[in-house]
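*Asks:* The structure is given below, and queries will be raised subsequently.
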Amino acid sequence: MDLFLHQVLAGVATGSIYACLALAIVMIYQTINHLNFAQGEMAMFSTFVAWQLMQWGAPYWLAFAGTAAFSFVAGIAIERALFRPIHNAPVLSHVVVFIALFAILNSLAGFIWDYNVKSFPTPFGSRSLFGDGLMSSHDAGMMGVTLAMLVLLYVFFRHTRIGLAMRAAAANPQSARLSGIRVGWMIALGWGMAAAIGAVAGVMIAPVVFLDPNMMNSILVYGFAGAVVGGLISPGGAVLGGFAVGVIENLAGTFIPYVGRELKLTIALFIIVVVLTVKPSGLFGRTVVTRV
Amino acid sequence: MKQPLKFDLTQASAKTVAGLSIKAWSRAAVIAGVFLALLLPLAIKGFLVFQLTLALIYAVAILGLNLLTGFNGQFSLGHSAFYGIGAYTAAILMDQADVAYYWTVPAAGAACFIVGFLFGLPALRLEGLYLALATFALAIAMPQLLKSTPLEPWTGGVQGIVILKPDAPFGLPLNSDQWLYYFTILTAALMYAGAVNLVRSRTGRAIIAIRDNPIAASAMGVDVALYKSLTFGVSALYTGVAGALGAIAVQFVAPDSFTFNLAIALFVGLVIGGVGSIPGTLLGGLFILFVPNIAEEVSKGLAQAVYGVILIAVIYLMPSGAAGFIRLIVGRVARSWT
Amino acid sequence: MRNDQHWMTVAAALAIAAVAANPAAAQKKYDPGANDSEIKVGNIMPYSGPASAYGEIGKTQAAYFRKVNAEGGVNGRKINFISYDDGYSPPKTVEQARKLVESDEVLLIFQSLGTAHNTAIQRYMNAKKVPQLFVATGATKWNDPQHFPWTMGWQPNYQSEARIYAEYLLKNQPQGKIGVLYQNDDYGKDYLKGLKDRLNGKMRTVAEVPYETTDPTVDSQVINLKASGADIVFNVATPKFAAQAIKKIAELGWKPIHLLNNVSNSVGSVLKPAGFDNAKGVLTTAYLKDPTDPTWKDDPAYKKWSAFMDKYYPDGDKTSTFTVYGYLVAQTLVAVLKQSGDNLTRENVMKQAASLKNLELDMLLPGSRINTGPNDFAPIKQMQMERFNGERWELFGPLMSGEVGG
């Protein structure tokens, strides 16, 4: 029982890593209806920027704010420069550009900062909460930040005019344009916000998994899984999905005999596929009915 | 009135350039290409023959993906798994059951057809991105499964399986590289002919109809579920055949050879070559084999970044892939000459 | 006249003697890749992809060869180091190996990295009779001159290292319960095998917990290890995961005997991120000098290496043992090439590689020597155990020789 509890809490802790990134993924999806495969790399790059700022002497919170701002601007820039020119191209071509962005960011980060593992500071300390190391203070802090972002996003979308405009632009670009909303800039804004959220995610994740150009590769997989399980349109669902993936993965690895440990990721993904088969729009998603 | 930018093939085929119709010119080009392909290995170094063989193998793999994604509209990020299954089928048969290499290729195809079909069944319920995730899960799972301890006695686990390249039969004066090249061309020709036939047949039209408008197709009496699963199976078959050929060419299979990076490469090849274009897959295969090498020549440290930049440039230049672009160019040239 | 004849005879005799004593000087023998002015050396490294951290090794070697060339080359010939990326994918390794041998026509391939990757090209290299020299993997299978006379490893292999740990445990903690954290691939499994083979049932492993490189953290695995009741941990993880494990063990308030594998014992790259306090008491083996260890601060060998890095590879990471590793292997190759003199055939290069006697390289541990023979394709066999005291590694015990081959 003790082991079970321990694994669940550890799963929640790792799950908060996935949840953080899943938020950024859902953010982008809500804006452009595509999955951004380069989301992890953007987050990783931002984290390196934060690291570099701290190497140059900036205190943690200044570096954090600076990085979030930089990422916001960079996200908008990437959308305007890379994706706007091809917005009429087929979806699959967009995916190739995502792949290209991934390759460029990964290679650039490795070139500038090399591939050795670096440690990254945490503002929450590494104390052990609840005694016996069931959860560390950083893990708790990370969860807190994730939930705070979630609340901020909710407030933004539901209670601000710009949030409303973004939702309109994503739901029905034609009508939104007719209502005077600058759809193009809403999309850019969405990118900027997703990039900033990703940066926060990266800065939260790096103290646990250590900073290197490949740090986000596997987390991206789990982040996608969490986002999809949650339904891709619901930030709250994404966060819950992230936690779920973390816990399932840990429990599978511990309690499924023989193959559980080797096939943890497979089992987690398999469970997700099963969920999707039963509920194709994800746990909290809405089924879209189209008229023919 | 502005001339439409899109080139109208039917209009052009009536025109002639230097006495021959466009159709005749394209036939001539294909025949010349085939001749070149057949004579090439006798003139170039063994290593280049090996690379061209691999490019052709990737082209067949991309053709498989194209059947599913290009013609049937089912988005797959998991074809590296089928490639891997095909490769391991061939390797295990050759290594443990002493089966001759030419039998392993259809065996791999058959095995992959079954797996693809079985995967296609539950995948029916998934659309677009959700299907992408499911296939993505398959791609990630494959190396893990291949490494796993229960399967180790067959797969050799992380160490992989080493196999031998066959020599030319009947004492032909070809080295094993050249022989494998011809064997691959023969197999590829069969596969391509099959694909063209499939696409032009009633089944093919049904498959394309499902991509364009599944509801209308179903209203017209097409058994959408059956066709979608079958297409999955056939697509897996093609990629599995390519995998088997790939195993023989490289003479080695290991779990690390069939990671998600391969699925991405196949996908890139598909889009660059032209989604929904059968000849485009040849260009796609050549692209994913040679362009990373070119990128490495340009910059050792930033090879991946250069590759990314090339990808973006290609997409900007040819948003619908190379095949569509070539058609456009040919059309423009033909129009300016007549 | 008699005097002239006499002198001519003496002169002739001397001339003949001179030629007889130095037959090599009179004949130069070359295989493809070598000529009067250069020696082409091929190399394949993962500069991209999941293992790109190891690319540092190739870059260090390139820098070292630049240094050698700047100082006149080897026997007057420049080393042309051609290094390609395989993205850690075996089919790409095969393609690059064929490119190096058939298109670039190198004399030998040196330090290709990865066990599966070297397995993929092993048969080809031996069939083509091209040296596959000093492969960059510690797998035990590379010491097999009977079956693969053209393939040679360099670093102490994993099983030999594991034997040393096993012997330490048998001597110091024979009643202990062992928990193993290992990477689920050839590297991890090789270590596990070496440990269990040497323990031979006299001690048990109560938990063997694998992890995949795709796992973001190994926290879950460490929790399982602790729950198994183990009081000894054998940490067979690559740098990032080893650091995570050390950190998590400390966070759990657990203090087992911690044996850390050699691949991940860098002070700068592993212990620092893990936390020096958390790493206190960790044991490992070493065969080279860790550049971040203050023990070597005033050591002339360290200073020489540091100067080399500053001049020829200023972007290199001086806290990573990868750079020392690359430096040492490059030096070994240069020694082999020097020993080959003007007979730069592949066969002779292989022969010289198999005849290294007491070669001393100053960044190896004091007293350590490289030795090879026609039946001994393991250049480095000697390792010493060390313990981390919170600031630096402290060597203890004798320089030991693990001996496992095949």
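Chains: A, B, ... in order of the structure tokens. Residues: from 1 per chain. Ligands: from 1, in order shown.
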With the cut-off set at 7 Å and counting only C-alpha atoms, tabulate each residue of chain A with an atom at most that distance from an atom of chain C, showing the nearest atom pair and its distance in Å to one decimal, ordered by chain and increasing number, as JSON lines.
*Replies:*
{"residue": "A:Leu3", "atom": "CA", "partner": "C:Ala227", "partner_atom": "CA", "distance": 6.8}
{"residue": "A:Gln7", "atom": "CA", "partner": "C:Ser220", "partner_atom": "CA", "distance": 6.4}
{"residue": "A:Ala10", "atom": "CA", "partner": "C:Ser220", "partner_atom": "CA", "distance": 6.5}
{"residue": "A:Tyr115", "atom": "CA", "partner": "C:Ala53", "partner_atom": "CA", "distance": 4.6}
{"residue": "A:Asn116", "atom": "CA", "partner": "C:Ala53", "partner_atom": "CA", "distance": 5.8}
{"residue": "A:Val117", "atom": "CA", "partner": "C:Ser269", "partner_atom": "CA", "distance": 6.2}
{"residue": "A:Lys118", "atom": "CA", "partner": "C:Pro273", "partner_atom": "CA", "distance": 6.5}
{"residue": "A:Ser119", "atom": "CA", "partner": "C:Pro273", "partner_atom": "CA", "distance": 4.7}
{"residue": "A:Ser128", "atom": "CA", "partner": "C:Glu251", "partner_atom": "CA", "distance": 6.6}
{"residue": "A:Asp132", "atom": "CA", "partner": "C:Leu252", "partner_atom": "CA", "distance": 5.7}
{"residue": "A:Gly133", "atom": "CA", "partner": "C:Leu252", "partner_atom": "CA", "distance": 4.4}
{"residue": "A:Val209", "atom": "CA", "partner": "C:Thr217", "partner_atom": "CA", "distance": 6.1}
{"residue": "A:Asn214", "atom": "CA", "partner": "C:Pro50", "partner_atom": "CA", "distance": 6.6}
{"residue": "A:Ser218", "atom": "CA", "partner": "C:Thr214", "partner_atom": "CA", "distance": 5.2}
{"residue": "A:Ile219", "atom": "CA", "partner": "C:Pro216", "partner_atom": "CA", "distance": 6.2}
{"residue": "A:Asn250", "atom": "CA", "partner": "C:Ser220", "partner_atom": "CA", "distance": 6.2}
{"residue": "A:Arg261", "atom": "CA", "partner": "C:Pro210", "partner_atom": "CA", "distance": 6.6}
{"residue": "A:Glu262", "atom": "CA", "partner": "C:Pro210", "partner_atom": "CA", "distance": 6.7}
*Asks:* Write out as a Markdown table the residues of chain C that have any atom within 7 Å of an atom of chain B, one row each with the nearest atom pair and its distance in Å to one decimal, counting only C-alpha atoms, sorted by chain and then rising number.
*Replies:*
| residue | atom | partner | partner_atom | distance |
| --- | --- | --- | --- | --- |
| C:Ser89 | CA | B:Ser257 | CA | 5.4 |
| C:Pro90 | CA | B:Ser257 | CA | 5.7 |
| C:Pro91 | CA | B:Val250 | CA | 6.1 |
| C:Val94 | CA | B:Val250 | CA | 6.7 |
| C:Arg98 | CA | B:Phe47 | CA | 6.1 |
| C:Lys99 | CA | B:Phe47 | CA | 6.2 |
| C:Glu102 | CA | B:Phe47 | CA | 6.1 |
| C:Ser103 | CA | B:Phe47 | CA | 6.9 |
| C:Ala116 | CA | B:Gln159 | CA | 5.8 |
| C:Ala120 | CA | B:Phe252 | CA | 5.6 |
| C:Asp185 | CA | B:Val158 | CA | 5.6 |
| C:Asp186 | CA | B:Val158 | CA | 5.7 |
*Asks:* Excluding Ala252 in chain A and its own-chain neighbours fewer than 4 positions away, which residues fall within 12 Å of it when counting only C-alpha atoms? Please give them as an MDAnalysis selection string.
*Replies:* (chainID A and resid 4 7:8 11 244:248 256:271) or (chainID C and resid 220:221)
*Asks:* Taking C-alpha atoms for each residue, export the selection above as a short mmCIF file (atom, residue, chain, number, x, y, z; two decimals), in the first residue's frame.
*Replies:*
data_model
loop_
_atom_site.label_atom_id
_atom_site.label_comp_id
_atom_site.auth_asym_id
_atom_site.auth_seq_id
_atom_site.Cartn_x
_atom_site.Cartn_y
_atom_site.Cartn_z
CA PHE A 4 1.26 2.20 -4.26
CA GLN A 7 4.15 5.57 -6.95
CA VAL A 8 0.91 7.49 -7.30
CA GLY A 11 3.25 9.75 -10.89
CA ALA A 244 -3.39 10.60 -15.51
CA VAL A 245 -0.63 9.63 -17.90
CA GLY A 246 2.00 10.08 -15.21
CA VAL A 247 0.16 7.96 -12.67
CA ILE A 248 -0.79 5.21 -15.13
CA ILE A 256 2.33 -5.15 -14.18
CA PRO A 257 4.68 -8.07 -13.84
CA TYR A 258 7.49 -8.93 -16.18
CA VAL A 259 6.83 -6.60 -19.08
CA GLY A 260 5.47 -3.65 -17.19
CA ARG A 261 8.83 -2.07 -16.64
CA GLU A 262 10.12 -2.47 -20.16
CA LEU A 263 6.95 -1.40 -21.88
CA LYS A 264 5.84 1.44 -19.65
CA LEU A 265 5.45 3.95 -22.42
CA THR A 266 3.76 1.42 -24.66
CA ILE A 267 1.26 0.53 -21.99
CA ALA A 268 0.49 4.17 -21.26
CA LEU A 269 -0.05 4.89 -24.92
CA PHE A 270 -2.08 1.74 -25.35
CA ILE A 271 -4.37 2.79 -22.57
CA SER C 220 9.66 5.74 -10.23
CA GLN C 221 12.38 3.15 -10.70
#
*Asks:* Between B:Ala168, B:Ala236, B:Ile31, B:Ala193, single out the one closest to Ile85 in chain B, counting only C-alpha atoms.
*Replies:*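 The shortest atom-to-atom distance to Ile85 in chain B comes from B:Ala236.
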*Asks:* Please identify all polymer residues within 7 Å of range 38-45 of chain C, counting only C-alpha atoms, omitting same-chain residues fewer than 5 positions from it, and present them as JSON, numbers by chain.
*Replies:* {"C": [33, 55, 58, 77, 78, 79, 80, 81, 82, 83, 84, 85, 86, 93, 100, 106, 107, 108, 109, 110, 111, 112, 113]}
*Asks:* Specify as a ChimeraX atom specification all residues of chain A found within 6 Å of chain B, counting only C-alpha atoms.
*Replies:* /A:89,97,100,103-104,107,266,269,273
*Asks:* So which residues of range 141-205 of chain C fall under strand (DSSP E) by DSSP, listed as a short mmCIF file (atom, residue, chain, number, x, y, z; two decimals) with N, CA and C atoms, in the first residue's frame?
*Replies:*
data_model
loop_
_atom_site.label_atom_id
_atom_site.label_comp_id
_atom_site.auth_asym_id
_atom_site.auth_seq_id
_atom_site.Cartn_x
_atom_site.Cartn_y
_atom_site.Cartn_z
N ILE C 178 21.35 -6.60 -3.26
CA ILE C 178 21.70 -5.69 -4.35
C ILE C 178 20.49 -5.29 -5.18
N GLY C 179 20.35 -4.02 -5.41
CA GLY C 179 19.34 -3.53 -6.35
C GLY C 179 20.05 -2.89 -7.53
N VAL C 180 19.61 -3.21 -8.74
CA VAL C 180 20.30 -2.70 -9.93
C VAL C 180 19.36 -1.80 -10.73
N LEU C 181 19.82 -0.60 -11.02
CA LEU C 181 19.11 0.26 -11.96
C LEU C 181 19.89 0.22 -13.26
N TYR C 182 19.27 -0.21 -14.34
CA TYR C 182 20.05 -0.31 -15.56
C TYR C 182 19.29 0.18 -16.78
N GLN C 183 20.05 0.72 -17.73
CA GLN C 183 19.46 1.17 -18.98
C GLN C 183 19.12 -0.08 -19.79
N THR C 205 20.66 -10.46 -6.40
CA THR C 205 20.05 -9.17 -6.70
C THR C 205 18.59 -9.27 -6.29
#
*Asks:* Find the distance between CA of Phe48 in chain A and CA of Ala194 in chain A and write it in Å to one decimal.
*Replies:* 17.1 Å
*Asks:* Can you check which residues of range 81-217 of chain A DSSP gives as helix (DSSP H, G or I) on the backbone and send them as a compact mmCIF listing (two decimals) with N, CA and C atoms, in the first residue's frame?
*Replies:*
# COMPACT_ATOMS: atom_id res chain seq x y z
N ALA A 81 6.51 34.67 -39.61
CA ALA A 81 7.55 34.43 -40.61
C ALA A 81 7.41 33.08 -41.29
N LEU A 82 7.10 32.06 -40.52
CA LEU A 82 7.12 30.72 -41.09
C LEU A 82 5.77 30.23 -41.58
N PHE A 83 4.73 30.50 -40.80
CA PHE A 83 3.47 29.83 -41.10
C PHE A 83 2.47 30.67 -41.88
N ARG A 84 2.55 31.97 -41.69
CA ARG A 84 1.63 32.82 -42.43
C ARG A 84 1.79 32.65 -43.94
N PRO A 85 3.05 32.62 -44.46
CA PRO A 85 3.20 32.50 -45.92
C PRO A 85 2.61 31.22 -46.49
N ILE A 86 2.50 30.18 -45.70
CA ILE A 86 1.99 28.94 -46.28
C ILE A 86 0.62 28.58 -45.76
N VAL A 91 -2.60 20.71 -45.08
CA VAL A 91 -2.24 20.45 -43.69
C VAL A 91 -0.93 19.71 -43.56
N LEU A 92 -0.74 18.72 -44.40
CA LEU A 92 0.44 17.88 -44.28
C LEU A 92 1.71 18.69 -44.51
N SER A 93 1.63 19.69 -45.38
CA SER A 93 2.81 20.52 -45.59
C SER A 93 3.14 21.31 -44.33
N HIS A 94 2.08 21.72 -43.63
CA HIS A 94 2.31 22.41 -42.35
C HIS A 94 3.09 21.52 -41.40
N VAL A 95 2.70 20.23 -41.39
CA VAL A 95 3.35 19.31 -40.46
C VAL A 95 4.83 19.22 -40.78
N VAL A 96 5.17 19.25 -42.10
CA VAL A 96 6.58 19.18 -42.45
C VAL A 96 7.32 20.41 -41.94
N VAL A 97 6.64 21.57 -41.98
CA VAL A 97 7.31 22.76 -41.47
C VAL A 97 7.50 22.66 -39.96
N PHE A 98 6.54 22.05 -39.26
CA PHE A 98 6.73 21.80 -37.83
C PHE A 98 7.97 20.94 -37.60
N ILE A 99 8.08 19.89 -38.43
CA ILE A 99 9.22 18.99 -38.29
C ILE A 99 10.52 19.75 -38.54
N ALA A 100 10.49 20.62 -39.56
CA ALA A 100 11.69 21.40 -39.87
C ALA A 100 12.05 22.30 -38.69
N LEU A 101 11.03 22.93 -38.10
CA LEU A 101 11.28 23.81 -36.95
C LEU A 101 11.91 23.03 -35.81
N PHE A 102 11.38 21.84 -35.57
CA PHE A 102 11.94 20.96 -34.56
C PHE A 102 13.43 20.75 -34.80
N ALA A 103 13.77 20.35 -36.04
CA ALA A 103 15.16 20.04 -36.37
C ALA A 103 16.05 21.27 -36.17
N ILE A 104 15.53 22.43 -36.62
CA ILE A 104 16.35 23.64 -36.53
C ILE A 104 16.62 24.00 -35.07
N LEU A 105 15.56 24.00 -34.25
CA LEU A 105 15.74 24.41 -32.86
C LEU A 105 16.65 23.46 -32.10
N ASN A 106 16.46 22.16 -32.32
CA ASN A 106 17.27 21.17 -31.64
C ASN A 106 18.74 21.34 -32.00
N SER A 107 19.00 21.47 -33.29
CA SER A 107 20.37 21.58 -33.77
C SER A 107 21.01 22.86 -33.27
N LEU A 108 20.24 23.96 -33.33
CA LEU A 108 20.77 25.25 -32.91
C LEU A 108 21.12 25.25 -31.43
N ALA A 109 20.22 24.65 -30.63
CA ALA A 109 20.47 24.61 -29.19
C ALA A 109 21.74 23.80 -28.90
N GLY A 110 21.90 22.68 -29.60
CA GLY A 110 23.08 21.86 -29.38
C GLY A 110 24.34 22.58 -29.81
N PHE A 111 24.21 23.35 -30.87
CA PHE A 111 25.37 24.06 -31.39
C PHE A 111 25.79 25.17 -30.44
N ILE A 112 24.80 25.91 -29.92
CA ILE A 112 25.14 27.04 -29.06
C ILE A 112 25.54 26.59 -27.66
N TRP A 113 24.83 25.62 -27.11
CA TRP A 113 25.03 25.30 -25.70
C TRP A 113 25.55 23.90 -25.44
N SER A 137 9.45 19.64 -2.57
CA SER A 137 8.84 20.97 -2.61
C SER A 137 8.80 21.51 -4.03
N HIS A 138 9.78 21.11 -4.84
CA HIS A 138 9.74 21.58 -6.22
C HIS A 138 8.55 20.99 -6.97
N ASP A 139 8.31 19.70 -6.75
CA ASP A 139 7.17 19.06 -7.40
C ASP A 139 5.88 19.78 -7.04
N ALA A 140 5.74 20.10 -5.75
CA ALA A 140 4.54 20.80 -5.31
C ALA A 140 4.46 22.17 -5.97
N GLY A 141 5.61 22.84 -6.01
CA GLY A 141 5.64 24.15 -6.64
C GLY A 141 5.25 24.08 -8.10
N MET A 142 5.75 23.05 -8.78
CA MET A 142 5.45 22.89 -10.20
C MET A 142 3.95 22.70 -10.41
N MET A 143 3.34 21.88 -9.57
CA MET A 143 1.90 21.67 -9.68
C MET A 143 1.17 22.97 -9.45
N GLY A 144 1.64 23.73 -8.48
CA GLY A 144 1.00 25.00 -8.19
C GLY A 144 1.06 25.94 -9.38
N VAL A 145 2.22 26.00 -10.00
CA VAL A 145 2.37 26.88 -11.16
C VAL A 145 1.46 26.44 -12.29
N THR A 146 1.40 25.13 -12.52
CA THR A 146 0.54 24.60 -13.58
C THR A 146 -0.91 24.99 -13.33
N LEU A 147 -1.37 24.79 -12.11
CA LEU A 147 -2.75 25.12 -11.80
C LEU A 147 -3.00 26.62 -11.90
N ALA A 148 -1.99 27.40 -11.50
CA ALA A 148 -2.14 28.86 -11.62
C ALA A 148 -2.29 29.26 -13.07
N MET A 149 -1.47 28.65 -13.94
CA MET A 149 -1.57 28.98 -15.37
C MET A 149 -2.95 28.61 -15.89
N LEU A 150 -3.41 27.46 -15.44
CA LEU A 150 -4.72 26.99 -15.87
C LEU A 150 -5.80 28.00 -15.51
N VAL A 151 -5.74 28.48 -14.27
CA VAL A 151 -6.74 29.45 -13.83
C VAL A 151 -6.64 30.74 -14.65
N LEU A 152 -5.40 31.19 -14.87
CA LEU A 152 -5.21 32.41 -15.67
C LEU A 152 -5.80 32.24 -17.07
N LEU A 153 -5.53 31.09 -17.67
CA LEU A 153 -6.05 30.85 -19.02
C LEU A 153 -7.58 30.86 -19.01
N TYR A 154 -8.13 30.22 -18.01
CA TYR A 154 -9.60 30.17 -17.93
C TYR A 154 -10.17 31.58 -17.85
N VAL A 155 -9.62 32.35 -16.98
CA VAL A 155 -10.08 33.74 -16.83
C VAL A 155 -9.90 34.50 -18.14
N PHE A 156 -8.76 34.30 -18.78
CA PHE A 156 -8.49 35.01 -20.02
C PHE A 156 -9.53 34.69 -21.08
N PHE A 157 -9.80 33.38 -21.25
CA PHE A 157 -10.70 33.00 -22.33
C PHE A 157 -12.15 33.35 -22.04
N ARG A 158 -12.52 33.21 -20.79
CA ARG A 158 -13.94 33.40 -20.47
C ARG A 158 -14.32 34.82 -20.18
N HIS A 159 -13.37 35.60 -19.66
CA HIS A 159 -13.76 36.89 -19.12
C HIS A 159 -13.06 38.08 -19.71
N ARG A 161 -12.09 40.38 -23.39
CA ARG A 161 -12.55 40.57 -24.77
C ARG A 161 -11.63 39.89 -25.76
N ILE A 162 -10.33 40.02 -25.49
CA ILE A 162 -9.38 39.40 -26.43
C ILE A 162 -9.55 37.88 -26.42
N GLY A 163 -9.76 37.35 -25.22
CA GLY A 163 -9.97 35.91 -25.14
C GLY A 163 -11.17 35.49 -25.97
N LEU A 164 -12.21 36.28 -25.87
CA LEU A 164 -13.42 35.99 -26.65
C LEU A 164 -13.12 36.07 -28.13
N ALA A 165 -12.37 37.11 -28.50
CA ALA A 165 -12.02 37.28 -29.91
C ALA A 165 -11.22 36.09 -30.42
N MET A 166 -10.29 35.59 -29.59
CA MET A 166 -9.49 34.43 -30.00
C MET A 166 -10.37 33.21 -30.19
N ARG A 167 -11.27 33.00 -29.28
CA ARG A 167 -12.14 31.83 -29.40
C ARG A 167 -12.98 31.93 -30.65
N ALA A 168 -13.44 33.14 -30.94
CA ALA A 168 -14.24 33.33 -32.14
C ALA A 168 -13.42 33.04 -33.38
N ALA A 169 -12.21 33.58 -33.41
CA ALA A 169 -11.36 33.40 -34.58
C ALA A 169 -11.08 31.92 -34.81
N ALA A 170 -10.91 31.16 -33.76
CA ALA A 170 -10.62 29.74 -33.92
C ALA A 170 -11.86 28.97 -34.33
N ALA A 171 -13.00 29.35 -33.77
CA ALA A 171 -14.22 28.59 -34.05
C ALA A 171 -14.72 28.84 -35.45
N PRO A 173 -13.43 31.38 -38.45
CA PRO A 173 -12.63 32.51 -38.94
C PRO A 173 -13.43 33.46 -39.84
N GLN A 174 -14.27 32.91 -40.68
CA GLN A 174 -15.01 33.78 -41.61
C GLN A 174 -15.87 34.77 -40.85
N SER A 175 -16.71 34.20 -39.98
CA SER A 175 -17.61 35.09 -39.23
C SER A 175 -16.83 36.07 -38.38
N ALA A 176 -15.74 35.59 -37.82
CA ALA A 176 -14.96 36.47 -36.96
C ALA A 176 -14.44 37.66 -37.74
N ARG A 177 -13.95 37.37 -38.95
CA ARG A 177 -13.47 38.48 -39.78
C ARG A 177 -14.57 39.48 -40.04
N LEU A 178 -15.75 38.95 -40.35
CA LEU A 178 -16.87 39.83 -40.64
C LEU A 178 -17.24 40.67 -39.44
N VAL A 183 -8.26 38.19 -37.61
CA VAL A 183 -8.00 36.77 -37.37
C VAL A 183 -6.52 36.45 -37.41
N GLY A 184 -5.84 37.03 -38.40
CA GLY A 184 -4.42 36.75 -38.52
C GLY A 184 -3.66 37.04 -37.23
N TRP A 185 -3.98 38.19 -36.62
CA TRP A 185 -3.27 38.55 -35.41
C TRP A 185 -3.72 37.72 -34.22
N MET A 186 -4.94 37.23 -34.24
CA MET A 186 -5.37 36.33 -33.17
C MET A 186 -4.56 35.06 -33.19
N ILE A 187 -4.31 34.57 -34.41
CA ILE A 187 -3.49 33.36 -34.53
C ILE A 187 -2.09 33.63 -34.01
N ALA A 188 -1.54 34.76 -34.39
CA ALA A 188 -0.20 35.09 -33.91
C ALA A 188 -0.17 35.18 -32.40
N LEU A 189 -1.22 35.79 -31.85
CA LEU A 189 -1.30 35.90 -30.39
C LEU A 189 -1.34 34.53 -29.74
N GLY A 190 -2.11 33.64 -30.34
CA GLY A 190 -2.19 32.28 -29.81
C GLY A 190 -0.82 31.63 -29.79
N TRP A 191 -0.08 31.79 -30.86
CA TRP A 191 1.27 31.24 -30.91
C TRP A 191 2.13 31.81 -29.80
N GLY A 192 2.05 33.13 -29.65
CA GLY A 192 2.86 33.77 -28.63
C GLY A 192 2.54 33.23 -27.24
N MET A 193 1.25 33.09 -26.97
CA MET A 193 0.86 32.60 -25.64
C MET A 193 1.32 31.16 -25.44
N ALA A 194 1.16 30.34 -26.49
CA ALA A 194 1.59 28.94 -26.37
C ALA A 194 3.09 28.89 -26.11
N ALA A 195 3.84 29.74 -26.82
CA ALA A 195 5.29 29.74 -26.62
C ALA A 195 5.63 30.14 -25.20
N ALA A 196 4.92 31.15 -24.68
CA ALA A 196 5.21 31.60 -23.32
C ALA A 196 4.87 30.51 -22.30
N ILE A 197 3.73 29.85 -22.51
CA ILE A 197 3.37 28.75 -21.60
C ILE A 197 4.41 27.65 -21.67
N GLY A 198 4.85 27.37 -22.90
CA GLY A 198 5.88 26.35 -23.06
C GLY A 198 7.15 26.72 -22.32
N ALA A 199 7.50 28.01 -22.36
CA ALA A 199 8.70 28.45 -21.66
C ALA A 199 8.57 28.21 -20.16
N VAL A 200 7.41 28.55 -19.62
CA VAL A 200 7.19 28.30 -18.19
C VAL A 200 7.30 26.81 -17.90
N ALA A 201 6.70 26.01 -18.77
CA ALA A 201 6.78 24.55 -18.59
C ALA A 201 8.23 24.10 -18.57
N GLY A 202 9.00 24.58 -19.54
CA GLY A 202 10.40 24.17 -19.62
C GLY A 202 11.17 24.54 -18.37
N VAL A 203 10.95 25.76 -17.87
CA VAL A 203 11.66 26.22 -16.70
C VAL A 203 11.27 25.40 -15.47
N MET A 204 10.04 24.94 -15.43
CA MET A 204 9.61 24.09 -14.31
C MET A 204 10.16 22.69 -14.42
N ILE A 205 10.27 22.22 -15.66
CA ILE A 205 10.67 20.82 -15.88
C ILE A 205 12.17 20.64 -15.72
N ALA A 206 12.94 21.62 -16.16
CA ALA A 206 14.39 21.44 -16.22
C ALA A 206 15.04 21.07 -14.89
N PRO A 207 14.60 21.61 -13.75
CA PRO A 207 15.27 21.19 -12.51
C PRO A 207 15.15 19.70 -12.24
N VAL A 208 14.08 19.07 -12.74
CA VAL A 208 13.88 17.65 -12.47
C VAL A 208 14.64 16.77 -13.45
N VAL A 209 14.51 17.10 -14.74
CA VAL A 209 15.11 16.20 -15.74
C VAL A 209 16.46 16.70 -16.24
N ASN A 217 12.22 15.63 -25.73
CA ASN A 217 11.77 14.65 -26.72
C ASN A 217 10.72 13.70 -26.19
*Asks:* As a CSV table (one decimal) with N, CA and C atoms, in the first residue's frame, please: the residues near Thr345 in chain C (cut-off 8 Å, only C-alpha atoms, same-chain neighbours under 4 positions excluded).
*Replies:*
chain,number,residue,atom,x,y,z
C,29,LYS,N,55.1,1.2,-48.1
C,29,LYS,CA,54.0,0.4,-48.6
C,29,LYS,C,52.7,1.1,-48.2
C,30,TYR,N,51.8,1.3,-49.1
C,30,TYR,CA,50.6,2.0,-48.9
C,30,TYR,C,49.4,1.2,-49.3
C,31,ASP,N,48.3,1.3,-48.5
C,31,ASP,CA,47.0,0.8,-48.9
C,31,ASP,C,46.2,2.1,-49.2
C,34,ALA,N,46.4,6.0,-47.6
C,34,ALA,CA,47.7,6.5,-47.2
C,34,ALA,C,48.6,6.8,-48.3
C,107,LEU,N,42.0,4.8,-44.8
C,107,LEU,CA,42.9,3.7,-44.5
C,107,LEU,C,42.3,2.8,-43.4
C,349,VAL,N,48.9,-1.8,-40.0
C,349,VAL,CA,48.3,-1.0,-39.0
C,349,VAL,C,47.7,-1.9,-37.9
